[in-house]
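A.B. asks: Here's a structure for you.
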Amino acid sequence: MKRLFSSLSNKIAFLLTAWMLIGIGIFFSINYSNSKSEKIQSYNNVRKTGLKSTMYFVDEFLKSRLHMMEGFAKDVKAKKLYDDKDGMNADLRDVFAVSPFDALFIGYADSGNVIKTDLLKNNEPFLIPNFDGRTRAWFQGASSSGKPGFSEPYVDVTTKNLTITAYAPIFDGNHKLVAELAQISS
């Protein structure tokens, strides 16, 4: 009898151990699956939050650039600096000195001339030789829309860097386009 009991108790112990191991295995599988799903969800939430933050930063960055260009264009129009080359050069120098721009320039609708100031020329405005600003996307964008805006990315003719341009058209008292102000941000 003792041998039978011993054999039966061994079988019961074996079965209980087997069921316990199977239960632990199922528990760990479910726990692993839930943990993996939670980590993936957490990762996706972090990515979405990061993307939203980045989009907000870029949006505010671009809005601030456009706002600066609009203000400068209003100032140029109010002072009629588009008719005063020396006054325009002085204003380009002054605005560039306190701006975050890589370059600042004005393109004239009548001649296509572009006067530019940047750090490469120590903030001394200069006429870009053999260059018609009316052929550039920033000039055409402002000409066709009549509103401030941004160019598509392009390679700057002076620095050879990939850049975008914020632009603002300037109209005279007769609503005729006389010039375009633009700035470069690399």
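Chain identifiers are assigned as A, B, and so on, following the order in which chains appear in the structure tokens; residues are numbered from 1 within each chain, and ligands are numbered from 1 in order of appearance.
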Excluding stretch 66-71 of chain A and any residue of its chain fewer than 2 positions from it, enumerate the residues within 12 Å of it, using only C-alpha atoms, and give them as a PyMOL selection string.
C.D. replies: chain A and resi 59-64+73-78+92+95-96+98-101+104-106+142+147-151+164-170+180-185
A.B. asks: Output the selection as a CSV table (one decimal), in the first residue's frame - N, CA and C atoms for each residue.
C.D. replies:
chain,number,residue,atom,x,y,z
A,59,ASP,N,6.5,75.5,-37.6
A,59,ASP,CA,5.4,76.5,-37.9
A,59,ASP,C,5.7,77.8,-37.3
A,60,GLU,N,6.1,77.9,-36.0
A,60,GLU,CA,6.3,79.1,-35.4
A,60,GLU,C,7.6,79.8,-36.0
A,61,PHE,N,8.6,79.0,-36.3
A,61,PHE,CA,9.8,79.6,-36.9
A,61,PHE,C,9.5,80.2,-38.2
A,62,LEU,N,8.7,79.6,-39.0
A,62,LEU,CA,8.4,80.1,-40.3
A,62,LEU,C,7.5,81.3,-40.2
A,63,LYS,N,6.5,81.2,-39.3
A,63,LYS,CA,5.6,82.4,-39.1
A,63,LYS,C,6.4,83.6,-38.7
A,64,SER,N,7.4,83.4,-37.8
A,64,SER,CA,8.1,84.6,-37.3
A,64,SER,C,8.9,85.2,-38.4
A,73,ALA,N,8.6,95.0,-45.2
A,73,ALA,CA,7.9,95.5,-46.4
A,73,ALA,C,7.0,96.7,-46.2
A,74,LYS,N,6.3,96.7,-45.1
A,74,LYS,CA,5.4,97.8,-44.8
A,74,LYS,C,6.3,99.0,-44.5
A,75,ASP,N,7.4,98.9,-43.8
A,75,ASP,CA,8.3,100.0,-43.5
A,75,ASP,C,8.8,100.6,-44.8
A,76,VAL,N,9.3,99.7,-45.7
A,76,VAL,CA,9.9,100.2,-47.0
A,76,VAL,C,8.8,100.9,-47.8
A,77,LYS,N,7.6,100.4,-47.8
A,77,LYS,CA,6.5,101.0,-48.6
A,77,LYS,C,6.2,102.4,-48.0
A,78,ALA,N,6.0,102.4,-46.6
A,78,ALA,CA,5.7,103.7,-45.9
A,78,ALA,C,6.7,104.8,-46.2
A,92,LEU,N,18.5,98.1,-45.4
A,92,LEU,CA,18.9,96.7,-45.5
A,92,LEU,C,19.9,96.4,-44.5
A,95,VAL,N,18.3,96.5,-40.8
A,95,VAL,CA,17.5,95.4,-40.5
A,95,VAL,C,18.3,94.1,-40.4
A,96,PHE,N,19.2,93.9,-41.3
A,96,PHE,CA,20.0,92.7,-41.3
A,96,PHE,C,20.9,92.6,-40.0
A,98,VAL,N,20.1,93.3,-37.1
A,98,VAL,CA,19.4,92.8,-35.9
A,98,VAL,C,18.5,91.6,-36.2
A,99,SER,N,18.6,91.1,-37.4
A,99,SER,CA,17.8,90.0,-37.8
A,99,SER,C,18.5,88.7,-37.7
A,100,PRO,N,17.7,87.6,-37.7
A,100,PRO,CA,18.3,86.3,-37.6
A,100,PRO,C,18.6,85.7,-39.0
A,101,PHE,N,18.4,86.5,-40.1
A,101,PHE,CA,18.5,86.0,-41.4
A,101,PHE,C,20.0,85.7,-41.8
A,104,LEU,N,19.6,89.1,-46.7
A,104,LEU,CA,18.4,89.9,-46.9
A,104,LEU,C,18.6,90.6,-48.2
A,105,PHE,N,17.5,90.7,-49.0
A,105,PHE,CA,17.7,91.3,-50.3
A,105,PHE,C,16.4,91.9,-50.8
A,106,ILE,N,16.5,92.8,-51.8
A,106,ILE,CA,15.4,93.4,-52.4
A,106,ILE,C,15.6,93.2,-54.0
A,142,ALA,N,5.8,85.7,-55.2
A,142,ALA,CA,5.2,87.0,-54.6
A,142,ALA,C,4.5,87.7,-55.8
A,147,LYS,N,1.1,88.2,-52.3
A,147,LYS,CA,1.1,88.0,-50.8
A,147,LYS,C,2.5,87.5,-50.4
A,148,PRO,N,2.8,87.8,-49.1
A,148,PRO,CA,4.0,87.2,-48.6
A,148,PRO,C,3.9,85.7,-48.6
A,149,GLY,N,5.1,85.0,-48.6
A,149,GLY,CA,5.0,83.5,-48.6
A,149,GLY,C,6.5,83.0,-48.6
A,150,PHE,N,6.6,81.7,-48.9
A,150,PHE,CA,7.9,81.0,-48.9
A,150,PHE,C,8.1,80.4,-50.2
A,151,SER,N,9.4,80.3,-50.6
A,151,SER,CA,9.8,79.6,-51.8
A,151,SER,C,9.9,78.1,-51.5
A,164,ILE,N,15.6,78.2,-48.2
A,164,ILE,CA,14.3,78.6,-48.5
A,164,ILE,C,14.3,80.1,-48.3
A,165,THR,N,13.3,80.8,-49.0
A,165,THR,CA,13.2,82.2,-48.9
A,165,THR,C,11.8,82.6,-48.5
A,166,ALA,N,11.8,83.5,-47.5
A,166,ALA,CA,10.5,84.2,-47.1
A,166,ALA,C,10.5,85.5,-47.9
A,167,TYR,N,9.4,85.8,-48.5
A,167,TYR,CA,9.3,87.0,-49.4
A,167,TYR,C,8.1,87.8,-49.1
A,168,ALA,N,8.1,89.1,-49.4
A,168,ALA,CA,7.0,90.0,-49.3
A,168,ALA,C,7.0,91.0,-50.4
A,169,PRO,N,5.9,91.1,-51.1
A,169,PRO,CA,5.9,92.0,-52.2
A,169,PRO,C,5.7,93.5,-51.7
A,170,ILE,N,6.2,94.4,-52.5
A,170,ILE,CA,6.0,95.8,-52.1
A,170,ILE,C,5.3,96.5,-53.3
A,180,GLU,N,10.3,93.4,-54.4
A,180,GLU,CA,10.1,92.2,-53.5
A,180,GLU,C,11.2,92.2,-52.5
A,181,LEU,N,10.8,92.1,-51.2
A,181,LEU,CA,11.8,91.9,-50.2
A,181,LEU,C,11.9,90.4,-49.9
A,182,ALA,N,13.1,89.9,-49.6
A,182,ALA,CA,13.2,88.5,-49.3
A,182,ALA,C,14.4,88.3,-48.3
A,183,GLN,N,14.3,87.1,-47.7
A,183,GLN,CA,15.4,86.8,-46.8
A,183,GLN,C,15.7,85.3,-46.9
A,184,ILE,N,16.9,84.9,-46.6
A,184,ILE,CA,17.3,83.5,-46.8
A,184,ILE,C,17.5,82.9,-45.4
A,185,SER,N,17.0,81.7,-45.2
A,185,SER,CA,17.3,80.9,-44.0
A,185,SER,C,17.8,79.6,-44.5
A.B. asks: I need the residues of stretch 54-124 of chain A that end up classed as strand (DSSP E) by DSSP on the backbone, written out as number ranges by chain.
C.D. replies: A: 103-108, 114-118
A.B. asks: Closest to A:Leu119 among A:Thr158, A:Thr135, A:Ser9, A:Ser145, using only C-alpha atoms?
C.D. replies: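 When distances to A:Leu119 are compared using only C-alpha atoms, the smallest one comes from A:Thr158.
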A.B. asks: Using DSSP on the backbone, list every residue of chain A that comes out as alpha helix (DSSP H), and give them as a PyMOL selection string.
C.D. replies: chain A and resi 2-79+85-98+137-145
A.B. asks: Mind writing the picked residues with C-alpha atoms as a compact mmCIF listing (two decimals), in the first residue's frame?
C.D. replies:
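Just written: selection.txt:
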# COMPACT_ATOMS: atom_id res chain seq x y z
CA LYS A 2 2.82 2.31 0.85
CA ARG A 3 4.31 1.76 -2.54
CA LEU A 4 1.00 2.51 -4.28
CA PHE A 5 0.50 5.65 -2.21
CA SER A 6 4.01 6.69 -2.94
CA SER A 7 3.48 6.09 -6.63
CA LEU A 8 0.10 7.89 -6.60
CA SER A 9 1.50 10.82 -4.63
CA ASN A 10 4.36 11.03 -7.11
CA LYS A 11 1.89 11.13 -9.98
CA ILE A 12 -0.20 13.80 -8.31
CA ALA A 13 2.90 15.85 -7.52
CA PHE A 14 4.08 15.45 -11.10
CA LEU A 15 0.69 16.52 -12.49
CA LEU A 16 0.48 19.51 -10.15
CA THR A 17 4.01 20.56 -11.09
CA ALA A 18 3.22 20.17 -14.78
CA TRP A 19 0.01 22.24 -14.46
CA MET A 20 1.85 24.86 -12.46
CA LEU A 21 4.60 25.13 -15.11
CA ILE A 22 2.03 25.33 -17.89
CA GLY A 23 0.17 28.06 -15.93
CA ILE A 24 3.38 30.01 -15.34
CA GLY A 25 4.26 29.68 -19.04
CA ILE A 26 0.85 31.00 -20.08
CA PHE A 27 1.11 33.83 -17.52
CA PHE A 28 4.56 34.85 -18.81
CA SER A 29 3.39 34.67 -22.45
CA ILE A 30 0.39 36.89 -21.75
CA ASN A 31 2.48 39.28 -19.65
CA TYR A 32 5.16 39.49 -22.39
CA SER A 33 2.54 40.15 -25.06
CA ASN A 34 0.89 42.88 -22.96
CA SER A 35 4.25 44.47 -22.11
CA LYS A 36 5.28 44.45 -25.76
CA SER A 37 1.98 46.05 -26.82
CA GLU A 38 2.30 48.71 -24.10
CA LYS A 39 5.88 49.51 -25.12
CA ILE A 40 4.91 49.80 -28.78
CA GLN A 41 1.97 52.06 -27.86
CA SER A 42 4.22 54.16 -25.61
CA TYR A 43 6.83 54.45 -28.38
CA ASN A 44 4.18 55.52 -30.89
CA ASN A 45 2.83 58.12 -28.44
CA VAL A 46 6.33 59.52 -27.90
CA ARG A 47 6.86 59.70 -31.68
CA LYS A 48 3.53 61.49 -32.19
CA THR A 49 4.27 63.97 -29.42
CA GLY A 50 7.76 64.59 -30.80
CA LEU A 51 6.39 65.10 -34.28
CA LYS A 52 3.73 67.53 -33.01
CA SER A 53 6.38 69.48 -31.11
CA THR A 54 8.62 69.61 -34.16
CA MET A 55 5.76 70.71 -36.39
CA TYR A 56 4.82 73.43 -33.90
CA PHE A 57 8.44 74.66 -33.74
CA VAL A 58 8.80 74.72 -37.53
CA ASP A 59 5.45 76.45 -37.92
CA GLU A 60 6.33 79.14 -35.37
CA PHE A 61 9.81 79.55 -36.88
CA LEU A 62 8.39 80.11 -40.35
CA LYS A 63 5.59 82.39 -39.09
CA SER A 64 8.13 84.58 -37.30
CA ARG A 65 10.23 84.90 -40.48
CA LEU A 66 7.20 85.79 -42.54
CA HIS A 67 6.02 88.29 -39.92
CA MET A 68 9.44 90.01 -39.98
CA MET A 69 9.36 90.23 -43.78
CA GLU A 70 5.83 91.68 -43.76
CA GLY A 71 6.87 94.32 -41.21
CA PHE A 72 9.97 95.25 -43.19
CA ALA A 73 7.94 95.48 -46.43
CA LYS A 74 5.41 97.80 -44.76
CA ASP A 75 8.27 99.98 -43.52
CA VAL A 76 9.85 100.15 -46.99
CA LYS A 77 6.49 101.00 -48.56
CA ALA A 78 5.68 103.66 -45.95
CA LYS A 79 9.10 105.34 -46.39
CA LYS A 85 18.60 103.29 -53.36
CA ASP A 86 20.83 104.81 -50.66
CA GLY A 87 18.02 104.77 -48.13
CA MET A 88 17.18 101.20 -49.12
CA ASN A 89 20.80 100.11 -48.68
CA ALA A 90 20.91 101.74 -45.24
CA ASP A 91 17.65 100.08 -44.24
CA LEU A 92 18.86 96.69 -45.51
CA ARG A 93 22.00 97.10 -43.40
CA ASP A 94 20.06 98.15 -40.28
CA VAL A 95 17.47 95.39 -40.50
CA PHE A 96 20.04 92.72 -41.33
CA ALA A 97 22.19 93.74 -38.34
CA VAL A 98 19.37 92.83 -35.91
CA ALA A 137 10.90 81.34 -57.60
CA TRP A 138 10.64 83.72 -54.64
CA PHE A 139 10.07 86.68 -56.94
CA GLN A 140 7.58 84.82 -59.11
CA GLY A 141 5.73 83.51 -56.06
CA ALA A 142 5.21 86.98 -54.65
CA SER A 143 4.39 88.40 -58.09
CA SER A 144 1.72 85.84 -58.84
CA SER A 145 0.11 85.72 -55.38
A.B. asks: Go through stretch 123-184 of chain A residue by residue and, counting only C-alpha atoms, keep those with an atom at most 7 Å from stretch 109-118 of chain A; for each kept residue give the shortest atom pair and its distance in Å to one decimal, ordered by chain and increasing number, as CSV.
C.D. replies:
residue,atom,partner,partner_atom,distance
A:Asn123,CA,A:Asp118,CA,5.1
A:Glu124,CA,A:Thr117,CA,5.6
A:Pro125,CA,A:Thr117,CA,4.3
A:Phe126,CA,A:Ile115,CA,5.3
A:Leu127,CA,A:Ile115,CA,4.4
A:Ile128,CA,A:Val114,CA,5.8
A:Phe131,CA,A:Asn113,CA,6.8
A:Asp132,CA,A:Gly112,CA,4.5
A:Gly133,CA,A:Gly112,CA,5.0
A:Arg134,CA,A:Gly112,CA,5.3
A:Leu177,CA,A:Ala109,CA,6.6
A:Val178,CA,A:Ala109,CA,5.1
A:Ala179,CA,A:Ala109,CA,5.1
A.B. asks: What does the distance from atom CA of A:Gly107 to atom CA of A:Asn161 come to in Å, to one decimal?
C.D. replies: 19.7 Å
A.B. asks: What is the atom CA of A:Asp83 to atom CA of A:Gly173 distance in Å?
C.D. replies: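 These two atoms are separated by 12.4 Å.
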A.B. asks: Ranking A:Asp156, A:Asp102, A:Asp172, A:Asn130 by minimum distance to A:Tyr82 and counting only C-alpha atoms, which one comes first?
C.D. replies: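 Smallest distance to A:Tyr82 is found for A:Asp172.
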A.B. asks: Provide the atom CA of A:Lys176 to atom CA of A:Arg136 distance in Å, to one decimal place.
C.D. replies: 19.2 Å
